[in-house]
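Visitor: Structure: input_8.txt, compact mmCIF, C-alpha atoms and all ligand atoms.
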# COMPACT_ATOMS: atom_id res chain seq x y z
CA MET T 1 7.23 -3.51 29.75
CA GLY T 2 10.09 -4.95 27.71
CA ARG T 3 13.44 -4.79 26.01
CA ALA T 4 14.13 -4.80 22.28
CA LEU T 5 17.28 -5.62 20.36
CA ILE T 6 17.42 -3.47 17.22
CA ILE T 7 19.72 -4.87 14.54
CA GLY T 8 21.03 -2.30 12.04
CA ALA T 9 21.97 1.33 12.54
CA GLY T 10 20.89 2.87 9.23
CA GLY T 11 18.06 5.19 8.26
CA VAL T 12 15.21 2.94 9.37
CA ALA T 13 16.95 1.75 12.57
CA SER T 14 17.46 5.35 13.61
CA VAL T 15 13.70 6.02 13.38
CA VAL T 16 12.88 2.78 15.23
CA ALA T 17 15.27 3.75 18.04
CA HIS T 18 13.86 7.31 18.25
CA LYS T 19 10.30 6.00 18.38
CA CYS T 20 11.09 3.33 21.00
CA CYS T 21 12.61 6.07 23.16
CA GLN T 22 9.46 8.21 22.74
CA ASN T 23 7.49 5.14 23.86
CA SER T 24 9.51 4.35 26.97
CA GLU T 25 6.57 2.82 28.84
CA VAL T 26 6.66 -0.07 26.38
CA PHE T 27 10.35 0.00 25.44
CA GLU T 28 12.07 0.29 28.81
CA GLU T 29 15.38 -0.88 27.37
CA ILE T 30 16.81 -1.09 23.86
CA CYS T 31 20.10 -2.32 22.46
CA ILE T 32 21.20 -1.00 19.06
CA ALA T 33 23.53 -3.53 17.46
CA SER T 34 25.07 -3.39 14.01
CA ARG T 35 28.13 -4.22 11.94
CA THR T 36 29.64 -0.78 12.53
CA LYS T 37 29.40 -0.09 16.26
CA SER T 38 30.38 3.59 15.94
CA LYS T 39 27.05 4.21 14.15
CA CYS T 40 25.18 2.61 17.08
CA ASP T 41 27.13 4.74 19.56
CA ALA T 42 26.42 7.92 17.56
CA LEU T 43 22.72 7.08 17.62
CA LYS T 44 22.82 6.36 21.34
CA ALA T 45 24.52 9.74 21.96
CA LYS T 46 21.65 11.50 20.12
CA LEU T 47 18.97 9.64 22.05
CA GLU T 48 20.21 9.59 25.60
CA GLY T 49 18.51 11.61 28.30
CA GLY T 50 15.09 9.96 28.20
CA LYS T 51 13.66 7.11 30.24
CA THR T 52 14.59 4.26 27.88
CA LYS T 53 17.90 2.68 28.84
CA ILE T 54 20.10 2.34 25.72
CA GLU T 55 22.96 -0.06 25.08
CA THR T 56 24.96 -0.70 21.92
CA ALA T 57 26.81 -3.71 20.55
CA GLN T 58 28.79 -4.85 17.54
CA VAL T 59 27.41 -7.79 15.60
CA ASP T 60 27.83 -9.24 12.15
CA ALA T 61 24.34 -10.49 11.49
CA ASP T 62 25.53 -12.79 8.71
CA HIS T 63 26.79 -15.11 11.46
CA VAL T 64 24.23 -17.00 13.54
CA GLU T 65 26.66 -17.75 16.38
CA GLU T 66 27.48 -14.04 16.87
CA LEU T 67 23.77 -13.26 16.98
CA VAL T 68 23.05 -16.09 19.43
CA ALA T 69 25.83 -14.89 21.74
CA LEU T 70 24.46 -11.32 21.66
CA ILE T 71 20.86 -12.43 22.24
CA ASN T 72 21.92 -14.70 25.09
CA SER T 73 23.82 -11.91 26.79
CA TYR T 74 21.24 -9.11 26.24
CA LYS T 75 18.14 -11.30 26.60
CA PRO T 76 15.69 -9.18 24.57
CA ASP T 77 11.97 -9.90 24.43
CA ILE T 78 12.02 -9.18 20.70
CA VAL T 79 14.57 -8.72 17.93
CA ILE T 80 13.70 -5.92 15.49
CA ASN T 81 15.58 -6.67 12.29
CA VAL T 82 16.20 -3.44 10.38
CA ALA T 83 19.52 -4.49 8.85
CA LEU T 84 19.29 -5.64 5.22
CA PRO T 85 17.06 -8.36 3.70
CA TYR T 86 20.16 -10.58 3.30
CA GLN T 87 20.28 -11.06 7.08
CA ASP T 88 16.67 -12.20 7.60
CA LEU T 89 17.36 -15.93 7.76
CA THR T 90 20.43 -15.80 9.99
CA ILE T 91 18.54 -13.58 12.42
CA MET T 92 15.51 -15.89 12.33
CA ASP T 93 17.82 -18.85 13.02
CA ALA T 94 19.29 -17.05 16.03
CA CYS T 95 15.80 -16.19 17.31
CA LEU T 96 14.80 -19.84 17.02
CA GLU T 97 17.86 -21.01 18.89
CA THR T 98 17.27 -18.52 21.70
CA LYS T 99 13.42 -18.64 21.61
CA THR T 100 13.10 -14.90 20.99
CA HIS T 101 10.33 -13.11 19.07
CA TYR T 102 11.26 -11.64 15.67
CA LEU T 103 10.12 -8.75 13.45
CA ASP T 104 11.40 -7.41 10.13
CA THR T 105 10.43 -4.93 7.41
CA ALA T 106 11.57 -6.65 4.21
CA ASN T 107 11.54 -10.23 3.04
CA TYR T 108 14.65 -12.34 2.59
CA GLU T 109 16.67 -11.82 -0.55
CA PRO T 110 19.73 -13.89 -1.45
CA LEU T 111 22.76 -11.64 -1.98
CA ASP T 112 23.59 -13.09 -5.39
CA THR T 113 20.11 -13.12 -6.99
CA ALA T 114 17.81 -10.11 -7.33
CA LYS T 115 14.82 -12.14 -6.28
CA PHE T 116 12.57 -11.77 -3.32
CA GLU T 117 9.72 -13.95 -2.18
CA TYR T 118 8.35 -15.24 1.11
CA SER T 119 9.00 -18.97 0.56
CA TRP T 120 12.28 -18.96 2.50
CA GLN T 121 10.75 -17.31 5.57
CA TRP T 122 7.41 -19.11 5.41
CA ALA T 123 9.43 -22.33 5.62
CA TYR T 124 10.09 -21.40 9.29
CA ARG T 125 6.39 -21.52 10.26
CA GLU T 126 6.38 -24.88 11.97
CA LYS T 127 9.71 -24.32 13.71
CA PHE T 128 8.53 -21.00 15.19
CA GLU T 129 5.22 -22.53 16.20
CA LYS T 130 6.96 -25.40 17.99
CA ALA T 131 9.37 -23.00 19.70
CA GLY T 132 6.38 -20.93 20.91
CA ILE T 133 7.69 -17.69 19.37
CA THR T 134 6.20 -15.18 16.94
CA ALA T 135 7.77 -13.83 13.76
CA ILE T 136 6.10 -10.76 12.25
CA LEU T 137 7.19 -10.37 8.63
CA GLY T 138 7.28 -7.17 6.60
CA CYS T 139 6.23 -4.62 9.20
CA GLY T 140 7.35 -1.39 7.51
CA PHE T 141 4.97 0.69 5.37
CA ASP T 142 4.91 -1.29 2.17
CA PRO T 143 4.96 -4.11 3.07
CA GLY T 144 3.54 -3.47 6.52
CA VAL T 145 0.92 -0.76 6.84
CA THR T 146 -0.43 -1.77 3.40
CA GLY T 147 -1.19 -5.21 4.91
CA VAL T 148 -2.77 -3.66 8.01
CA PHE T 149 -4.88 -1.38 5.76
CA SER T 150 -6.00 -4.49 3.83
CA ALA T 151 -6.94 -6.41 6.98
CA TYR T 152 -8.83 -3.33 8.22
CA ALA T 153 -10.71 -2.94 4.91
CA GLN T 154 -11.61 -6.62 4.94
CA LYS T 155 -12.73 -6.58 8.57
CA HIS T 156 -14.87 -3.44 8.45
CA TYR T 157 -15.99 -2.64 4.91
CA PHE T 158 -16.04 -5.71 2.65
CA ASP T 159 -17.35 -9.26 2.42
CA GLU T 160 -14.98 -9.79 -0.49
CA ILE T 161 -12.21 -7.60 -1.90
CA HIS T 162 -11.77 -8.17 -5.64
CA TYR T 163 -9.21 -5.54 -6.62
CA ILE T 164 -6.36 -3.94 -4.67
CA ASP T 165 -4.11 -1.21 -6.03
CA ILE T 166 -1.28 -0.16 -3.74
CA LEU T 167 -0.04 3.33 -4.61
CA ASP T 168 3.28 4.60 -3.27
CA ALA T 169 4.01 8.23 -4.13
CA ASN T 170 7.00 10.24 -3.09
CA ALA T 171 6.88 13.90 -4.05
CA GLY T 172 9.98 14.69 -2.01
CA ASP T 173 12.75 16.75 -3.59
CA HIS T 174 16.29 16.42 -2.17
CA GLY T 175 17.92 18.69 -4.74
CA TYR T 176 20.41 16.08 -6.01
CA PRO T 177 20.23 15.03 -9.69
CA PHE T 178 20.06 11.38 -8.57
CA ALA T 179 19.86 9.67 -5.18
CA THR T 180 17.80 6.88 -3.69
CA ASN T 181 15.68 7.38 -0.60
CA PHE T 182 16.72 4.19 1.09
CA ASN T 183 19.58 1.75 0.71
CA PRO T 184 20.57 2.30 -2.98
CA GLU T 185 21.49 -1.33 -3.52
CA ILE T 186 18.12 -2.63 -2.33
CA ASN T 187 16.22 0.18 -4.05
CA ILE T 188 17.89 -0.24 -7.45
CA ARG T 189 17.59 -4.04 -7.34
CA GLU T 190 13.86 -3.53 -6.75
CA VAL T 191 13.18 -1.03 -9.53
CA THR T 192 15.33 -2.64 -12.23
CA ALA T 193 13.66 -6.02 -11.76
CA LYS T 194 10.77 -7.13 -13.98
CA GLY T 195 7.35 -5.92 -12.86
CA SER T 196 4.54 -8.27 -11.98
CA TYR T 197 1.02 -8.40 -10.64
CA ILE T 198 -1.48 -11.09 -9.74
CA GLU T 199 -4.58 -11.66 -11.84
CA ASN T 200 -7.00 -14.55 -11.29
CA GLY T 201 -4.53 -16.38 -9.10
CA GLU T 202 -1.67 -16.15 -11.62
CA TRP T 203 1.44 -13.94 -11.66
CA VAL T 204 1.59 -11.77 -14.80
CA GLU T 205 5.11 -10.57 -15.58
CA THR T 206 5.94 -7.24 -17.26
CA GLU T 207 9.16 -5.63 -18.45
CA PRO T 208 10.66 -3.18 -15.91
CA MET T 209 8.59 0.06 -15.95
CA GLU T 210 6.42 -1.25 -18.80
CA ILE T 211 3.10 -0.20 -17.24
CA LYS T 212 2.71 3.49 -16.49
CA ARG T 213 -0.30 5.36 -15.10
CA VAL T 214 -0.86 8.94 -13.96
CA TYR T 215 -2.65 9.45 -10.65
CA ASP T 216 -3.82 12.60 -8.89
CA PHE T 217 -2.71 11.97 -5.29
CA PRO T 218 -4.40 13.78 -2.40
CA GLU T 219 -2.12 16.56 -1.05
CA ILE T 220 0.53 15.81 -3.69
CA GLY T 221 -1.09 16.20 -7.10
CA GLU T 222 -0.57 14.39 -10.39
CA LYS T 223 2.36 11.98 -10.62
CA ASP T 224 3.61 9.35 -13.07
CA MET T 225 3.60 5.94 -11.45
CA TYR T 226 4.88 2.57 -12.65
CA LEU T 227 3.87 -0.99 -11.91
CA LEU T 228 6.49 -2.89 -9.89
CA HIS T 229 6.73 -6.33 -8.39
CA HIS T 230 6.35 -5.97 -4.63
CA GLU T 231 6.50 -8.52 -1.89
CA GLU T 232 3.14 -7.91 -0.23
CA LEU T 233 1.29 -8.96 -3.40
CA GLU T 234 2.27 -12.53 -2.63
CA SER T 235 0.92 -12.62 0.92
CA LEU T 236 -2.16 -10.43 0.34
CA ALA T 237 -3.31 -12.62 -2.55
CA LEU T 238 -3.40 -15.52 -0.06
CA ASN T 239 -4.72 -13.73 3.01
CA ILE T 240 -7.45 -11.46 1.61
CA LYS T 241 -10.73 -13.08 0.56
CA GLY T 242 -11.92 -12.89 -3.06
CA ILE T 243 -8.88 -11.29 -4.72
CA LYS T 244 -9.09 -11.15 -8.52
CA ARG T 245 -6.29 -8.69 -9.15
CA ILE T 246 -3.65 -6.96 -7.07
CA ARG T 247 -1.10 -4.43 -8.33
CA PHE T 248 1.59 -2.19 -6.87
CA PHE T 249 2.55 1.21 -8.32
CA MET T 250 5.36 3.55 -7.32
CA THR T 251 6.00 7.09 -8.56
CA PHE T 252 9.26 8.00 -10.29
CA SER T 253 10.22 11.29 -11.88
CA GLU T 254 11.48 11.47 -15.45
CA LYS T 255 14.83 12.68 -14.09
CA TYR T 256 15.21 9.62 -11.84
CA LEU T 257 14.35 7.22 -14.66
CA THR T 258 16.74 8.89 -17.13
CA HIS T 259 19.63 8.53 -14.67
CA LEU T 260 18.67 4.96 -13.89
CA ASN T 261 18.52 4.07 -17.61
CA VAL T 262 21.99 5.45 -18.22
CA LEU T 263 23.42 3.64 -15.18
CA GLN T 264 21.78 0.43 -16.34
CA ASN T 265 22.98 0.84 -19.93
CA VAL T 266 26.59 1.24 -18.82
CA GLY T 267 26.39 -1.76 -16.48
CA MET T 268 26.56 0.10 -13.16
CA THR T 269 23.44 -1.55 -11.71
CA SER T 270 24.69 -5.10 -12.27
CA ILE T 271 25.09 -7.44 -9.29
CA GLU T 272 27.48 -9.69 -11.23
CA PRO T 273 31.00 -9.30 -9.76
CA ILE T 274 33.69 -7.91 -12.12
CA MET T 275 37.47 -7.65 -11.73
CA TYR T 276 38.77 -4.11 -11.20
CA GLU T 277 42.51 -3.53 -10.70
CA GLY T 278 42.97 -7.08 -9.49
CA LYS T 279 40.07 -6.93 -7.07
CA GLU T 280 36.59 -8.34 -7.45
CA ILE T 281 33.90 -5.67 -7.15
CA VAL T 282 30.12 -5.66 -7.63
CA PRO T 283 29.16 -2.66 -9.81
CA LEU T 284 25.95 -1.97 -7.87
CA GLN T 285 27.84 -1.97 -4.55
CA PHE T 286 30.40 0.43 -6.04
CA LEU T 287 27.55 2.66 -7.25
CA LYS T 288 26.15 2.66 -3.72
CA ALA T 289 29.47 3.95 -2.45
CA VAL T 290 29.45 6.96 -4.81
CA LEU T 291 25.78 7.90 -4.42
CA PRO T 292 24.61 10.18 -1.60
CA ASP T 293 24.02 8.30 1.65
CA PRO T 294 20.22 8.13 2.11
CA ALA T 295 20.73 9.32 5.69
CA SER T 296 22.21 12.57 4.33
CA LEU T 297 19.01 13.38 2.40
CA GLY T 298 17.04 14.15 5.56
CA PRO T 299 17.98 17.81 6.00
CA ARG T 300 17.60 18.52 2.25
CA THR T 301 14.29 16.85 1.42
CA LYS T 302 11.13 18.90 1.04
CA GLY T 303 7.66 17.70 0.07
CA LYS T 304 5.40 14.80 1.02
CA THR T 305 4.82 11.11 0.54
CA ASN T 306 1.41 9.55 0.06
CA ILE T 307 1.16 5.76 0.41
CA GLY T 308 -2.14 3.95 0.42
CA CYS T 309 -4.41 1.29 -1.03
CA ILE T 310 -7.54 1.41 -3.17
CA TYR T 311 -9.95 -1.51 -2.69
CA GLN T 312 -12.92 -2.55 -4.81
CA GLY T 313 -15.25 -5.33 -3.79
CA VAL T 314 -18.65 -6.07 -2.33
CA LYS T 315 -20.45 -5.73 0.99
CA ASP T 316 -23.96 -7.14 1.48
CA GLY T 317 -24.17 -7.68 -2.27
CA LYS T 318 -23.41 -4.02 -3.08
CA PRO T 319 -20.24 -2.71 -4.77
CA VAL T 320 -17.85 -0.79 -2.49
CA LYS T 321 -14.81 1.38 -3.24
CA TYR T 322 -12.46 2.35 -0.44
CA TYR T 323 -9.17 4.29 -0.38
CA VAL T 324 -7.06 4.54 2.79
CA TYR T 325 -3.75 6.40 2.82
CA ASN T 326 -1.20 8.27 4.87
CA VAL T 327 0.42 11.56 3.88
CA CYS T 328 3.79 12.18 5.49
CA ASP T 329 5.84 15.37 5.29
CA HIS T 330 9.61 14.98 4.85
CA GLU T 331 10.50 18.17 6.72
CA SER T 332 8.26 17.39 9.72
CA CYS T 333 9.87 13.94 10.00
CA TYR T 334 13.30 15.49 9.93
CA LYS T 335 12.34 17.97 12.62
CA GLU T 336 11.00 15.18 14.84
CA VAL T 337 13.57 12.38 14.47
CA GLY T 338 16.31 13.63 12.11
CA SER T 339 15.28 11.42 9.14
CA GLN T 340 13.25 11.89 5.96
CA ALA T 341 9.82 10.39 5.41
CA ILE T 342 10.92 7.14 3.72
CA SER T 343 12.82 5.99 6.80
CA TYR T 344 10.09 7.44 9.02
CA THR T 345 7.21 5.62 7.30
CA THR T 346 9.16 2.35 7.67
CA GLY T 347 10.53 2.81 11.19
CA VAL T 348 7.29 3.91 12.87
CA PRO T 349 5.33 0.76 11.83
CA ALA T 350 8.28 -1.43 12.91
CA MET T 351 8.14 0.12 16.39
CA ILE T 352 4.34 -0.27 16.46
CA GLY T 353 4.58 -3.95 15.39
CA ALA T 354 7.07 -4.63 18.18
CA MET T 355 4.76 -2.84 20.62
CA MET T 356 1.80 -4.98 19.43
CA LEU T 357 3.85 -8.04 20.27
CA LEU T 358 5.10 -6.82 23.63
CA LYS T 359 1.55 -5.85 24.64
CA GLY T 360 0.32 -9.31 23.63
CA GLU T 361 -2.03 -7.97 20.90
CA TRP T 362 -0.06 -9.64 18.12
CA LYS T 363 1.43 -12.64 19.84
CA LYS T 364 0.83 -16.11 18.41
CA PRO T 365 3.45 -18.78 17.83
CA GLY T 366 4.39 -19.07 14.17
CA VAL T 367 5.47 -16.89 11.23
CA TYR T 368 2.92 -14.32 10.07
CA ASN T 369 2.45 -11.47 7.66
CA VAL T 370 0.90 -8.39 9.24
CA GLU T 371 -2.54 -8.81 7.61
CA GLU T 372 -2.97 -12.02 9.62
CA PHE T 373 -3.30 -10.05 12.89
CA ASN T 374 -6.10 -7.84 14.25
CA PRO T 375 -5.60 -4.49 12.45
CA ASP T 376 -7.60 -2.30 14.88
CA PRO T 377 -5.02 -1.61 17.62
CA PHE T 378 -2.36 -1.04 14.95
CA MET T 379 -4.60 1.46 13.09
CA ASP T 380 -5.12 3.38 16.36
CA ALA T 381 -1.39 3.34 17.03
CA LEU T 382 -0.64 4.76 13.56
CA ASN T 383 -2.72 7.81 14.46
CA GLU T 384 -1.03 8.10 17.84
CA TRP T 385 2.59 7.59 16.74
CA GLY T 386 2.93 9.89 13.74
CA LEU T 387 1.35 8.23 10.70
CA PRO T 388 -2.30 9.34 10.73
CA TRP T 389 -4.44 7.89 7.96
CA GLN T 390 -7.34 9.22 5.95
CA GLU T 391 -10.06 7.41 4.08
CA SER T 392 -12.41 7.97 1.16
CA PHE T 393 -15.33 5.95 -0.18
CA ALA T 394 -15.34 7.64 -3.58
CA PRO T 395 -11.74 7.52 -4.78
CA LYS T 396 -10.61 8.01 -8.35
CA LEU T 397 -9.72 4.53 -9.60
CA VAL T 398 -6.60 3.43 -11.50
CA ASP T 399 -7.49 2.02 -14.94
P1 LIG N 401 20.64 1.26 5.58
O1 LIG N 401 21.54 0.79 4.51
O2 LIG N 401 20.54 2.71 5.89
O3 LIG N 401 20.98 0.50 6.93
C1 LIG N 401 21.26 -0.86 7.01
C2 LIG N 401 21.97 -1.13 8.31
O4 LIG N 401 22.17 -2.55 8.42
C3 LIG N 401 23.34 -0.47 8.39
O5 LIG N 401 23.50 0.06 9.68
C4 LIG N 401 24.27 -1.65 8.14
O6 LIG N 401 25.52 -1.56 8.77
C5 LIG N 401 23.52 -2.77 8.79
N1 LIG N 401 24.01 -4.05 8.29
C6 LIG N 401 24.18 -4.44 7.01
N2 LIG N 401 24.71 -5.68 6.97
C7 LIG N 401 24.86 -6.06 8.26
C8 LIG N 401 25.37 -7.23 8.88
N3 LIG N 401 25.82 -8.26 8.17
N4 LIG N 401 25.38 -7.27 10.23
C9 LIG N 401 24.94 -6.24 10.98
N5 LIG N 401 24.45 -5.10 10.44
C10 LIG N 401 24.42 -5.02 9.11
O7 LIG N 401 19.17 0.68 5.20
P2 LIG N 401 17.75 1.25 5.64
O8 LIG N 401 17.79 1.63 7.07
O9 LIG N 401 17.30 2.23 4.64
O10 LIG N 401 16.83 -0.06 5.46
C11 LIG N 401 16.75 -1.05 6.46
C12 LIG N 401 15.77 -2.13 6.05
O11 LIG N 401 14.48 -1.57 5.86
C13 LIG N 401 16.11 -2.83 4.72
O12 LIG N 401 15.89 -4.20 4.88
C14 LIG N 401 15.11 -2.26 3.75
O13 LIG N 401 14.82 -3.16 2.70
C15 LIG N 401 13.91 -2.08 4.66
N6 LIG N 401 12.92 -1.11 4.15
C16 LIG N 401 11.61 -1.48 4.22
C17 LIG N 401 10.62 -0.61 3.75
C18 LIG N 401 9.18 -0.95 3.94
O14 LIG N 401 8.33 -0.07 3.78
N7 LIG N 401 8.80 -2.16 4.27
C19 LIG N 401 10.97 0.68 3.14
C20 LIG N 401 12.37 1.01 3.22
C21 LIG N 401 13.30 0.12 3.69
P3 LIG N 401 26.78 -0.74 8.15
O15 LIG N 401 26.53 0.65 8.59
O16 LIG N 401 27.96 -1.37 8.73
O17 LIG N 401 26.69 -0.90 6.64
Take the structure in the file and write it out as structure tokens.
Guide:
Amino acid sequence: MGRALIIGAGGVASVVAHKCCQNSEVFEEICIASRTKSKCDALKAKLEGGKTKIETAQVDADHVEELVALINSYKPDIVINVALPYQDLTIMDACLETKTHYLDTANYEPLDTAKFEYSWQWAYREKFEKAGITAILGCGFDPGVTGVFSAYAQKHYFDEIHYIDILDANAGDHGYPFATNFNPEINIREVTAKGSYIENGEWVETEPMEIKRVYDFPEIGEKDMYLLHHEELESLALNIKGIKRIRFFMTFSEKYLTHLNVLQNVGMTSIEPIMYEGKEIVPLQFLKAVLPDPASLGPRTKGKTNIGCIYQGVKDGKPVKYYVYNVCDHESCYKEVGSQAISYTTGVPAMIGAMMLLKGEWKKPGVYNVEEFNPDPFMDALNEWGLPWQESFAPKLVD
């Protein structure tokens, strides 16, 4: 059916490539392109033998002209951006120039400010519309599946959704005293930032980790979770009807938070460059270099993740509560694709989003968040491609 250019060769890219190869009817050809070509070649070596034809390429996605040259020579139907959020705009520029569809899993973040919001990418709406190409933003799990869950809840169970709580629990244990499950730089920037949520149309800001709740997660049990700022709050507040409050919580163990506090207190999580032995270094980037590579956690991680959303609202004048979630097992993911569940829960939805576009289900010129498309074929595909979901109409609520 089509050919995809995957940019990035890290944890998430590896899952996307594995899943595209499992789905060779849709992904007849893929090209894995990244800054370090040897990583693309290593991935290709693992994947070869199936029906999907695999190529690799070197590209520095910070440079639009390099991307344009690669896209012009490979001629993909879609670019799946699973590099880092810093590359979103250059890749979107290259897609515009070559009139190629675009998908990513995280919104743009400038390298020198720990700030993420959709404004930069939403500014491309008109240009994409005029070029006749589609950009699907934030198509991992959260953001991504959380948006699809929300569109599904709105379509089938509610006239108005008043409250959304997104709960992201990871009960995986990798045996290290401290490691992050995905890119440490991105992860630490996210969790050390101030928290925020939306109430009555306004952003309410909190100190980092100021709001803590305990929740008893299906198949995982009781966990401490903390309110964080998260990018899908911004788009869901606009795209879901009737929202009064929307919050995002993620679980962290006491051990993780103690390490993070110490690292923060000594300045290791700073993104301000410092001079070290005559060379400028960024402490957080140095920290990334000494921490375990998230890709190495796969074989060591045991336990499950549970990510889902709790909705409260009304249907036909009656109050409705609805909880929809996926439970994913780290060891099963590793057995299937050689990665732990964090990369798996991001990479599978990215493949499904690209498939939605190639099949024409999610194809409309412009720049869209996932909740702006029909959720039904995506929900079916989640069950088919490894992220089955469960639902409950009597969930325990978060106070
Ligand atoms: P990794 O750090 O494992 O991989 C990133 C890859 O991007 C590496 O292969 C890296 O290359 C490559 N890369 C970085 N800069 C460039 C560049 N300038 N040009 C070309 N390639 C580049 O990250 P993950 O796989 O864990 O995460 C990938 C994306 O997924 C991130 O944007 C992350 O925020 C997002 N994510 C989204 C989630 C969701 O649920 N929505 C959850 C988890 C992650 P090199 O090897 O040379 O460094």
Visitor: To one decimal place in Å, what is the distance between atom C16 of ligand LIG 401 (chain N) and atom CA of Lys321 of chain T?
Guide: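 Atom CA of Lys321 of chain T lies at a distance of 27.6 Å from atom C16 of ligand LIG 401 (chain N).
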Visitor: Counting only C-alpha atoms and all ligand atoms, which residues of chain T fall within 6 Å of ligand LIG 401 (chain N), and what is the closest atom pair for each with its distance in Å at one decimal, ordered by chain and rising number, as CSV?
Guide:
residue,atom,partner,partner_atom,distance
T:Gly8,CA,N:LIG401,O4,3.8
T:Ala9,CA,N:LIG401,O5,3.5
T:Gly10,CA,N:LIG401,O3,3.3
T:Gly11,CA,N:LIG401,O8,3.8
T:Val12,CA,N:LIG401,O8,3.7
T:Ala13,CA,N:LIG401,O8,5.6
T:Ser34,CA,N:LIG401,N5,4.0
T:Arg35,CA,N:LIG401,C9,3.9
T:Thr36,CA,N:LIG401,O16,4.2
T:Val59,CA,N:LIG401,C9,5.5
T:Asp60,CA,N:LIG401,N4,3.7
T:Ala61,CA,N:LIG401,N4,3.6
T:Asp62,CA,N:LIG401,N3,4.6
T:Val82,CA,N:LIG401,C12,4.5
T:Ala83,CA,N:LIG401,O4,3.3
T:Leu84,CA,N:LIG401,O12,3.7
T:Pro85,CA,N:LIG401,O12,4.5
T:Thr105,CA,N:LIG401,N7,4.5
T:Ala106,CA,N:LIG401,O13,5.0
T:Gly138,CA,N:LIG401,N7,5.7
T:Gly140,CA,N:LIG401,N7,3.6
T:Phe141,CA,N:LIG401,O14,3.8
T:Asp142,CA,N:LIG401,O14,4.0
T:Pro143,CA,N:LIG401,N7,4.5
T:Gly144,CA,N:LIG401,N7,5.9
T:Phe182,CA,N:LIG401,O9,4.1
T:Asn183,CA,N:LIG401,O1,4.4
T:Thr346,CA,N:LIG401,O14,4.7
Visitor: I need the residue nearest Met1 of chain T from this list: T:Pro218, T:Leu358, T:Glu331, T:Gln285. Use all atoms listed in the file for the distance.
Guide: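 Among T:Pro218, T:Leu358, T:Glu331, T:Gln285, it is T:Leu358 that comes nearest to Met1 of chain T.
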Visitor: Just want the 6 Å neighbourhood of Ala341 of chain T, counted on all atoms listed in the file, with same-chain residues fewer than 4 positions away dropped. Output as a PyMOL selection string.
Guide: chain T and resi 330+333+345
Visitor: Which residue, T:Gly353, T:Asp88, T:Lys396, T:Leu287, has the smallest gap to Glu371 of chain T when you use all atoms listed in the file?
Guide: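 Closest to Glu371 of chain T, using all atoms listed in the file: T:Gly353.
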Visitor: Could you check which of T:Val262, T:Ala135, T:Leu111, T:Leu397 is closest to Tyr322 of chain T, using all atoms listed in the file?
Guide: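 Checking each of T:Val262, T:Ala135, T:Leu111, T:Leu397 against Tyr322 of chain T, counting all atoms listed in the file, the winner is T:Leu397.
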Visitor: Interatomic distance between atom CA of Tyr102 of chain T and atom CA of Gly338 of chain T?
Guide: 26.0 Å
Visitor: Name all residues at most 9 Å from segment 268-282 of chain T (count all atoms listed in the file; drop same-chain ones fewer than 4 positions away) and give them as a list in words.
Guide: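 My reading of the contact set: Leu111, Asp112, Thr113, Ala114, Glu185, Ile188, Arg189, Thr192, Leu260, Val262, Leu263, Gln264, Phe286 and Leu287 of chain T.
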Visitor: Quick one: residues within 10 Å of Val64 of chain T, all atoms listed in the file, excluding same-chain residues fewer than 4 positions away - as a list in words?
Guide: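 In the requested form, the answer reads Val59, Asp60, Val68, Ala69, Leu70, Gln87, Leu89, Thr90, Ile91, Met92, Asp93, Ala94, Cys95 and Glu97 of chain T.
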Visitor: Please provide the set of residues having any atom within 9 Å of Gly201 of chain T, restricted to only C-alpha atoms, with same-chain residues fewer than 3 positions apart removed, written as a CSV table (one decimal) with C-alpha atoms, in the coordinates of the input.
Guide:
chain,number,residue,atom,x,y,z
T,198,ILE,CA,-1.5,-11.1,-9.7
T,237,ALA,CA,-3.3,-12.6,-2.6
T,243,ILE,CA,-8.9,-11.3,-4.7
T,244,LYS,CA,-9.1,-11.2,-8.5
T,245,ARG,CA,-6.3,-8.7,-9.2
Visitor: Near Pro365 of chain T, within 7 Å and counting all atoms listed in the file, which residues show up once chain neighbours fewer than 5 positions away are dropped, as a list in words?
Guide: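 After dropping sequence-adjacent residues, the list is Phe128, Glu129, Gly132, Ile133 and Thr134 of chain T.
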Visitor: When you draw a straight line from atom CA of Ile246 of chain T to atom CA of Ile342 of chain T, how long is it in Å?
Guide: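 These two atoms are separated by 23.0 Å.
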Visitor: Select, from T:Ala17, T:Ala381, T:Ile7, T:Val191, the residue with the minimum atom-to-atom distance to Lys37 of chain T, counting only C-alpha atoms.
Guide: T:Ile7
Visitor: Can you work out which one of T:Ala151, T:Met250, T:Ile307, T:Val290 has the shortest atom-to-atom distance to Leu236 of chain T, counting all atoms listed in the file?
Guide: T:Ala151
Visitor: Which residue gives the smallest distance to Ile6 of chain T among T:Ile166, T:Ala354, T:Lys130, T:Ser24, with only C-alpha atoms counted?
Guide: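 Ranked by minimum distance to Ile6 of chain T, first place goes to T:Ala354.
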Visitor: Box along x, y and z, 4 Å on every side, all listed atoms of segment 288-304 of chain T inside: centre and edge lengths in Å to one decimal, as JSON.
Guide:
{"center_x": 17.4, "center_y": 10.8, "center_z": 0.6, "size_x": 32.1, "size_y": 24.2, "size_z": 18.8}
Visitor: Counting all atoms listed in the file, which residues come within 6 Å of (10.2, -7.3, 13.2), with the point read in the file's coordinates, and could you list them as number ranges by chain?
Guide: T: 80-81, 102-104, 136
